[in-house]
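Q: One structure follows; several queries about it will come next.
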Amino acid sequence: MSTIKEITSEDEWRSHVAALAPSTLLIISFHAPWAAPCAQMATVLKTLAAEYPADDGATSWVSVNAEELSDISETYDVTAVPYLVLQRGDQVLEAVSGSSVVKVRTAIETHAKSTTGGGAAAVTVTEKPAAAAAAVEVETETEADPAKAKEALFKRLGELVKAAPVMLFIKGTPSAPQCGFSRQLVGLLRERSVRYGFFNILADDEVRQGLKEFAEWPTFPQLWMDGELVGGLDIIKEEIESNPDFLKAYSAAKEEAVAA
C-alpha cells in the first residue's frame with residue numbers, strides 16, 4: 001500500500017518530482033500545523049493512499065507544509081489549507097481547496113483511473129475504509145439537511161478560530177492582501193512581531209459567509225485571540241492606542257525572551 005511522504009525541503013521536492021515517471025499521478029497535500037482541518041484531511045488521505053499499491057508507480061503521495069515551503073505553495077497558488085493538487089508530469093489536473101472528503105476522493109479516483117487507461121483503479125475496493133466512509137456519510141447527510149449542514153459548518157468554524165492563539169481572517173494572504181484594511185492589519189501584527197495563523201476567506205466562500213453569522217460580525221478582516229473575536233482594524237487600533245502592550249503576549253520577541 002502507498003504511504004504519504006512528508007517533503008521537508010525544496011531540494012527534496014525537486015528530487016522527488018524529477019524521479020517520477022511521466023505517467024505517475026502525483027497527489028500533493030498542502031497543510032499547516034495550526035489548521036485543525038488539515039489533521040482530519042491527513043487521516044483521510046492516509047486511508048485513501050492505502051488503497052493503492054506502492055510498487056507500481058501509478059501514484060505518488062506527498063505532504064507539504066504550506067508555510068515552511070512557501071515557494072512551492074506559491075507555485076500552485078495555495079491560499080488556504082487543506083489544499084490538494086493532482087498533477088501528472090508538468091500538468092496540474094485538478095486542485096481541491098477545503099476539507100470535502102467527497103471532492104477529494106472523487107478527484108483522486110477519477111485521475112488514478114486515467115493512469116490505467118480508463119479501467120479500474122489500481123486496487124478495487126468494494127467497501128470504503130471506515131474513516132473515509134464515515135466522513136462521506138456525514139457530509140452527504142449534512143448536505144441534505146440545512147440545519148445539520150449549518151451545525152457542521154459552525155463546528156468547523158469553532159475549530160478554525162482556535163487553530164492558533166491569534167487567528168486572522170483576511171481577504172488574500174499576508175504576503176498579498178486583497179484589501180486595504182487587511183493590508184493595514186497585517187502591518188500592525190508584523191510591526192509587533194506577532195505570531196499568528198491566517199485564513200484567506202476569498203478561497204472559501206462557505207467560511208466567508210458562515211463566519212459573519214458565527215461571529216455576529218459582518219465585515220473582514222477579523223482578528224481572533226484564544227478563540228474569541230476581538231474585532232476588525234478599527235477596534236485593534238483602538239486597543240493598541242489604549243494599551244501599547246495589547247499584543248505583546250503573542251509576540252515572537254516575548255517567546256525568545258522566555259526561552260533565553
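Chain labels follow the order of the C-alpha cells: the first chain is A, the next B, and so on; residue numbering restarts at 1 in every chain, and ligands are counted from 1 in their shown order.
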If we count only C-alpha atoms, what is near region 194-197 of chain A at a cut-off of 6 Å, once residues fewer than 6 positions away on the same chain are taken out, given as a count of residues only?

A: 6

Q: Excluding Phe199 (chain A) and its own-chain neighbours fewer than 2 positions away, which residues fall within 12 Å of it when counting only C-alpha atoms? Please give them as a short mmCIF file (atom, residue, chain, number, x, y, z; two decimals) with C-alpha atoms, in the first residue's frame.

A:
data_model
loop_
_atom_site.label_atom_id
_atom_site.label_comp_id
_atom_site.auth_asym_id
_atom_site.auth_seq_id
_atom_site.Cartn_x
_atom_site.Cartn_y
_atom_site.Cartn_z
CA ALA A 32 -0.35 23.95 8.03
CA TRP A 34 -2.24 25.30 13.07
CA ALA A 35 -5.19 24.31 10.89
CA PRO A 37 -9.00 20.57 9.19
CA VAL A 78 -2.11 27.90 -2.44
CA THR A 79 -4.10 30.49 -0.48
CA ALA A 80 -5.81 28.26 2.11
CA VAL A 81 -5.31 24.84 3.67
CA PRO A 82 -6.01 22.00 3.37
CA GLY A 98 -11.05 22.76 1.64
CA LEU A 157 -15.56 27.43 12.33
CA LEU A 160 -10.80 27.17 12.88
CA VAL A 161 -10.90 30.26 15.11
CA LYS A 162 -8.92 28.29 17.72
CA ALA A 163 -6.41 26.87 15.24
CA ALA A 164 -3.75 29.30 16.51
CA VAL A 166 -4.03 34.52 17.17
CA MET A 167 -6.07 33.90 14.02
CA LEU A 168 -6.51 36.46 11.26
CA PHE A 169 -9.29 36.07 8.70
CA ILE A 170 -8.46 38.30 5.75
CA LYS A 171 -9.09 38.90 2.08
CA GLY A 172 -5.99 37.42 0.48
CA THR A 173 -2.81 36.35 2.25
CA PRO A 174 -0.33 38.24 4.46
CA PRO A 177 -3.61 41.22 0.94
CA SER A 182 -6.40 43.59 5.56
CA TYR A 196 -0.46 34.31 14.01
CA GLY A 197 -2.32 31.93 11.77
CA ILE A 201 -11.71 33.99 3.14
CA LEU A 202 -11.66 34.60 -0.62
CA ALA A 203 -10.64 30.98 -1.12
CA ASP A 204 -13.61 29.53 0.79
CA ASP A 205 -16.97 31.27 0.45
CA VAL A 207 -16.21 30.13 5.65
CA ARG A 208 -16.55 33.73 4.47
CA LEU A 211 -18.13 33.38 9.85
CA PHE A 220 -13.47 41.49 7.32
CA PRO A 221 -10.69 41.39 8.36
CA GLN A 222 -11.43 39.71 11.68
CA LEU A 223 -8.86 39.09 14.40
CA TRP A 224 -9.45 36.30 16.90
#

Q: Can you list, as a short mmCIF file (atom, residue, chain, number, x, y, z; two decimals) with C-alpha atoms, in the first residue's frame, all residues belonging to region 133-205 of chain A that DSSP tags as helix (DSSP H, G or I)?

A:
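File result_22.cif, as written:
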data_model
loop_
_atom_site.label_atom_id
_atom_site.label_comp_id
_atom_site.auth_asym_id
_atom_site.auth_seq_id
_atom_site.Cartn_x
_atom_site.Cartn_y
_atom_site.Cartn_z
CA ALA A 133 -16.81 6.16 4.68
CA ALA A 134 -17.97 7.76 7.91
CA ALA A 135 -16.81 11.15 6.71
CA VAL A 136 -18.60 10.70 3.39
CA GLU A 137 -21.81 9.64 5.15
CA VAL A 138 -21.69 12.64 7.46
CA GLU A 139 -21.06 15.02 4.58
CA THR A 140 -23.88 13.56 2.46
CA GLU A 141 -26.26 13.78 5.38
CA THR A 142 -25.41 17.38 6.21
CA GLU A 143 -25.72 18.44 2.59
CA ALA A 144 -29.28 17.08 2.57
CA PRO A 146 -29.65 22.55 6.07
CA ALA A 147 -29.80 22.51 9.86
CA LYS A 148 -27.16 19.80 10.11
CA ALA A 149 -25.08 21.50 7.42
CA LYS A 150 -25.07 24.69 9.49
CA GLU A 151 -24.20 22.74 12.63
CA ALA A 152 -21.27 21.08 10.84
CA LEU A 153 -20.10 24.44 9.48
CA PHE A 154 -20.25 26.09 12.90
CA LYS A 155 -18.28 23.18 14.37
CA ARG A 156 -15.65 23.68 11.69
CA LEU A 157 -15.56 27.43 12.33
CA GLY A 158 -15.27 26.84 16.07
CA GLU A 159 -12.16 24.75 15.45
CA LEU A 160 -10.80 27.17 12.88
CA GLY A 180 -6.53 47.99 2.32
CA PHE A 181 -7.95 47.06 5.73
CA SER A 182 -6.40 43.59 5.56
CA ARG A 183 -3.07 45.11 4.49
CA GLN A 184 -3.07 47.53 7.43
CA LEU A 185 -3.93 44.86 9.98
CA VAL A 186 -1.19 42.57 8.68
CA GLY A 187 1.19 45.51 9.02
CA LEU A 188 0.19 46.07 12.66
CA LEU A 189 0.84 42.44 13.51
CA ARG A 190 4.17 42.38 11.70
CA GLU A 191 5.36 45.58 13.38
CA ILE A 201 -11.71 33.99 3.14
CA LEU A 202 -11.66 34.60 -0.62
CA ALA A 203 -10.64 30.98 -1.12
CA ASP A 205 -16.97 31.27 0.45
#

Q: Would you mind telling me which residue in A:Ser23, A:Glu238, A:Val17, A:Ala249 lies nearest to His111 (chain A) when using only C-alpha atoms?

A: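 Under the stated criterion, the closest residue is A:Ser23.
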
Q: Using only C-alpha atoms for the distances, tell me which of A:Val85, A:Ser193, A:Gln91, A:Ala36 is nearest to Ala107 (chain A).

A: A:Val85

Q: Extract the full set of strand (DSSP E or B) residues from region 29-249 of chain A according to DSSP on the backbone, and format it as a ChimeraX atom specification.

A: /A:29-31,59-65,83-88,91-97,166-170,172-173,176-177,194,197-200,222-225,228-231

Q: Could you check how far CA of Ala112 (chain A) sits from CA of Glu6 (chain A), in Å to one decimal?

A: 20.7 Å

Q: Which neighbours of Leu45 (chain A) fall inside 9 Å, counting only C-alpha atoms, when residues of the same chain fewer than 6 positions from it are skipped, and could you give them as a ChimeraX atom specification?

A: /A:4,29,61,104-105,132

Q: Do you know which residues are at most 12 Å from Ala21 (chain A) counting only C-alpha atoms, after dropping those on the same chain fewer than 5 positions away, and could you put them as a compact mmCIF listing (two decimals) with all heavy atoms, in the first residue's frame?

A:
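Result went into result.txt, see below:
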# COMPACT_ATOMS: atom_id res chain seq x y z
N HIS A 16 12.29 14.52 -5.71
CA HIS A 16 11.15 13.60 -5.75
C HIS A 16 10.40 13.72 -7.08
O HIS A 16 10.09 12.71 -7.71
CB HIS A 16 10.20 13.91 -4.59
CG HIS A 16 9.05 12.95 -4.49
ND1 HIS A 16 9.14 11.73 -3.86
CD2 HIS A 16 7.77 13.02 -4.99
CE1 HIS A 16 7.99 11.10 -3.95
NE2 HIS A 16 7.14 11.86 -4.64
N LEU A 26 0.76 12.39 -9.25
CA LEU A 26 1.33 12.96 -8.04
C LEU A 26 0.22 13.64 -7.24
O LEU A 26 -0.45 14.56 -7.74
CB LEU A 26 2.43 13.97 -8.39
CG LEU A 26 3.08 14.72 -7.21
CD1 LEU A 26 3.76 13.75 -6.26
CD2 LEU A 26 4.10 15.74 -7.75
N ASP A 56 3.90 0.04 -8.00
CA ASP A 56 3.58 0.01 -9.43
C ASP A 56 3.80 1.36 -10.11
O ASP A 56 3.65 1.48 -11.33
CB ASP A 56 2.14 -0.45 -9.66
CG ASP A 56 1.10 0.54 -9.15
OD1 ASP A 56 1.50 1.50 -8.46
OD2 ASP A 56 -0.09 0.36 -9.45
N GLY A 57 4.15 2.40 -9.33
CA GLY A 57 4.44 3.71 -9.92
C GLY A 57 3.25 4.47 -10.43
O GLY A 57 3.40 5.51 -11.08
N ALA A 58 2.04 3.99 -10.14
CA ALA A 58 0.85 4.66 -10.66
C ALA A 58 0.57 5.96 -9.90
O ALA A 58 0.10 6.95 -10.48
CB ALA A 58 -0.36 3.74 -10.57
N THR A 59 0.84 5.97 -8.61
CA THR A 59 0.58 7.15 -7.80
C THR A 59 1.78 7.46 -6.89
O THR A 59 2.56 6.57 -6.56
CB THR A 59 -0.67 6.99 -6.91
OG1 THR A 59 -0.45 5.90 -6.00
CG2 THR A 59 -1.91 6.73 -7.74
N SER A 60 1.87 8.71 -6.50
CA SER A 60 2.88 9.15 -5.53
C SER A 60 2.22 10.18 -4.63
O SER A 60 1.62 11.15 -5.12
CB SER A 60 4.10 9.75 -6.24
OG SER A 60 5.04 10.23 -5.29
N GLN A 87 -1.39 16.13 -10.03
CA GLN A 87 -0.52 16.51 -11.14
C GLN A 87 0.05 15.27 -11.82
O GLN A 87 0.37 14.28 -11.17
CB GLN A 87 0.61 17.38 -10.61
CG GLN A 87 1.67 17.76 -11.62
CD GLN A 87 2.70 18.72 -11.03
OE1 GLN A 87 2.35 19.72 -10.41
NE2 GLN A 87 3.97 18.40 -11.20
N ARG A 88 0.17 15.35 -13.12
CA ARG A 88 0.83 14.27 -13.88
C ARG A 88 1.81 14.94 -14.82
O ARG A 88 1.43 15.78 -15.63
CB ARG A 88 -0.18 13.42 -14.64
CG ARG A 88 0.48 12.27 -15.41
CD ARG A 88 -0.56 11.32 -16.02
NE ARG A 88 -1.19 10.49 -15.00
CZ ARG A 88 -2.48 10.53 -14.67
NH1 ARG A 88 -3.28 11.39 -15.31
NH2 ARG A 88 -2.96 9.74 -13.75
N GLY A 89 3.10 14.58 -14.71
CA GLY A 89 4.12 15.29 -15.47
C GLY A 89 4.17 16.72 -15.01
O GLY A 89 4.21 17.00 -13.81
N ASP A 90 4.13 17.65 -15.94
CA ASP A 90 4.12 19.08 -15.59
C ASP A 90 2.72 19.67 -15.59
O ASP A 90 2.55 20.88 -15.45
CB ASP A 90 5.01 19.86 -16.58
CG ASP A 90 6.47 19.48 -16.46
OD1 ASP A 90 6.90 19.15 -15.34
OD2 ASP A 90 7.17 19.49 -17.49
N THR A 115 -4.82 6.70 -15.24
CA THR A 115 -3.46 6.14 -15.32
C THR A 115 -3.49 4.75 -15.92
O THR A 115 -2.58 4.33 -16.63
CB THR A 115 -2.83 6.05 -13.90
OG1 THR A 115 -2.83 7.35 -13.32
CG2 THR A 115 -1.42 5.52 -13.96

Q: Separation of CA of Lys5 (chain A) and CA of Glu94 (chain A), in Å?

A: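 Between these atoms lies a distance of 20.0 Å.
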